[in-house]
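This report refers to the structure that appears directly beneath it.
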Amino acid sequence: RPPARRPDGDLPYDWAMITATDEQRNAPDPVWWEHMGRITAPTLLVAGGPRSFIPQEQITTLAGLIPDARVVTVDAGHLVHETRPEEFLTVVEPFLAD
């Protein structure tokens, strides 16, 4: 995606994190993808569905690179935990309990 433009005025978040995220998103280090297979912990990827600005096929691809990963989709867009907190907890709590 195009780099984000900084909104005017004081921000309630760290703008440097936004620019760093854009850089990593638009030009990731290939080693990052190559090392996904080294993750040994069970991994849960919570996808936001078609309303998310993250391409959902990338989440599926990522899950395929991590040995013990699974994807759960909560149709909520990018901020699943904020938009649908009950559904988010319904997915995450059992995963953490295991």
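Residues in the structure tokens are named by chain (A, B, ... in the order shown) and by number from 1 within that chain; ligands are numbered from 1 in the order shown.
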*Within 12 Å of Ala41 in chain A, counting only C-alpha atoms, which residues show up once you throw out same-chain ones fewer than 5 positions away? Write them as a list in words, please.*
Met36, Ile66, Pro67, Asp68, Ala69, Arg70, Phe95, Leu96 and Asp98 of chain A
Given the selection you just returned, output its residues as a file containing all heavy atoms, formatted as a CSV table (one decimal), in the first residue's frame.
```csv
chain,number,residue,atom,x,y,z
A,36,MET,N,10.0,-18.5,9.1
A,36,MET,CA,8.7,-18.8,9.8
A,36,MET,C,8.7,-20.3,10.2
A,36,MET,O,8.1,-20.6,11.2
A,36,MET,CB,7.5,-18.5,8.8
A,36,MET,CG,7.3,-17.0,8.6
A,36,MET,SD,6.7,-16.2,10.1
A,36,MET,CE,8.2,-15.3,10.5
A,66,ILE,N,4.2,-21.7,9.0
A,66,ILE,CA,4.5,-22.0,10.4
A,66,ILE,C,3.9,-23.4,10.7
A,66,ILE,O,2.8,-23.7,10.4
A,66,ILE,CB,3.7,-20.9,11.3
A,66,ILE,CG1,4.3,-19.5,10.9
A,66,ILE,CG2,3.9,-21.2,12.7
A,66,ILE,CD1,3.5,-18.4,11.5
A,67,PRO,N,4.8,-24.3,11.2
A,67,PRO,CA,4.4,-25.7,11.4
A,67,PRO,C,3.1,-25.9,12.1
A,67,PRO,O,2.3,-26.8,11.7
A,67,PRO,CB,5.6,-26.3,12.1
A,67,PRO,CG,6.8,-25.4,11.8
A,67,PRO,CD,6.2,-24.0,11.6
A,68,ASP,N,2.9,-25.3,13.2
A,68,ASP,CA,1.7,-25.6,14.0
A,68,ASP,C,0.8,-24.3,14.1
A,68,ASP,O,0.5,-23.8,15.1
A,68,ASP,CB,2.1,-26.0,15.4
A,68,ASP,CG,0.9,-26.6,16.2
A,68,ASP,OD1,-0.2,-26.8,15.6
A,68,ASP,OD2,1.0,-26.8,17.4
A,69,ALA,N,0.4,-23.8,12.9
A,69,ALA,CA,-0.4,-22.6,12.8
A,69,ALA,C,-1.8,-22.9,12.3
A,69,ALA,O,-2.0,-23.8,11.6
A,69,ALA,CB,0.2,-21.6,11.9
A,70,ARG,N,-2.7,-22.1,12.8
A,70,ARG,CA,-4.1,-22.2,12.3
A,70,ARG,C,-4.6,-20.8,12.1
A,70,ARG,O,-4.2,-19.8,12.8
A,70,ARG,CB,-5.0,-23.0,13.2
A,70,ARG,CG,-5.2,-22.5,14.6
A,70,ARG,CD,-6.1,-23.5,15.3
A,70,ARG,NE,-5.9,-23.2,16.8
A,70,ARG,CZ,-6.8,-23.5,17.7
A,70,ARG,NH1,-7.9,-24.1,17.3
A,70,ARG,NH2,-6.6,-23.2,18.9
A,95,PHE,N,-7.7,-21.0,22.7
A,95,PHE,CA,-6.3,-21.3,22.1
A,95,PHE,C,-5.3,-21.1,23.2
A,95,PHE,O,-4.4,-21.9,23.4
A,95,PHE,CB,-6.1,-20.3,21.0
A,95,PHE,CG,-4.7,-20.4,20.5
A,95,PHE,CD1,-4.3,-21.4,19.6
A,95,PHE,CD2,-3.7,-19.5,20.9
A,95,PHE,CE1,-3.0,-21.5,19.2
A,95,PHE,CE2,-2.4,-19.5,20.4
A,95,PHE,CZ,-2.1,-20.6,19.6
A,96,LEU,N,-5.4,-20.1,24.0
A,96,LEU,CA,-4.5,-19.8,25.1
A,96,LEU,C,-4.6,-20.8,26.3
A,96,LEU,O,-3.7,-21.2,26.9
A,96,LEU,CB,-4.7,-18.4,25.7
A,96,LEU,CG,-4.3,-17.3,24.7
A,96,LEU,CD1,-4.6,-15.9,25.3
A,96,LEU,CD2,-2.8,-17.4,24.3
A,98,ASP,N,-5.3,-24.0,25.9
A,98,ASP,CA,-4.7,-25.2,25.5
A,98,ASP,C,-3.2,-25.1,25.8
A,98,ASP,O,-2.4,-25.8,26.0
A,98,ASP,CB,-4.9,-25.5,24.0
A,98,ASP,CG,-6.3,-25.9,23.7
A,98,ASP,OD1,-7.1,-26.3,24.6
A,98,ASP,OD2,-6.7,-25.9,22.5
```
*Selection near Arg84 in chain A, 10 Å with only C-alpha atoms, sequence-local residues under 6 positions removed, as a list in words*: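 Close residues of Arg84 in chain A: Gly48, Val74, Asp75, Ala76 and Gly77 of chain A.
Interatomic distance, CA of Gly37 in chain A to CA of Pro94 in chain A: 23.8 Å.
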Within 8 Å of range 22-32 of chain A using only C-alpha atoms, minus same-chain residues under 3 positions, as an mmCIF file with C-alpha atoms, in the first residue's frame:
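Below you can see around17.cif, which holds the result:
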```cif
data_model
loop_
_atom_site.group_PDB
_atom_site.id
_atom_site.type_symbol
_atom_site.label_atom_id
_atom_site.label_comp_id
_atom_site.auth_asym_id
_atom_site.auth_seq_id
_atom_site.Cartn_x
_atom_site.Cartn_y
_atom_site.Cartn_z
ATOM 1 C CA ARG A 1 0.000 0.000 0.000
ATOM 2 C CA PRO A 3 2.976 4.928 2.724
ATOM 3 C CA ALA A 4 0.573 6.500 5.189
ATOM 4 C CA ILE A 18 3.274 3.649 11.495
ATOM 5 C CA THR A 19 6.140 4.550 9.173
ATOM 6 C CA HIS A 35 12.413 -18.242 9.112
ATOM 7 C CA MET A 36 8.709 -18.815 9.770
#
```
*asked:* Taking the DSSP secondary structure from the backbone, can you list the residues of range 21-83 of chain A that are strand (DSSP E or B), as a ChimeraX atom specification?
replied: /A:43-47,69-73
*Work out how far apart CA of Val91 in chain A and CA of Ala20 in chain A are and give it in Å to one decimal.*
28.9 Å
*asked:* Calculated over only C-alpha atoms, which of the candidates A:Leu79, A:Thr73, A:Pro85, A:Gln58 has the smallest distance to Leu44 in chain A?
replied: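 Of the candidates, the smallest distance to Leu44 in chain A is held by A:Thr73.
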*Enumerate the residues of range 31-75 of chain A with a DSSP assignment of alpha helix (DSSP H), computed from the backbone, and present them as number ranges by chain.*
A: 31-34, 56-65
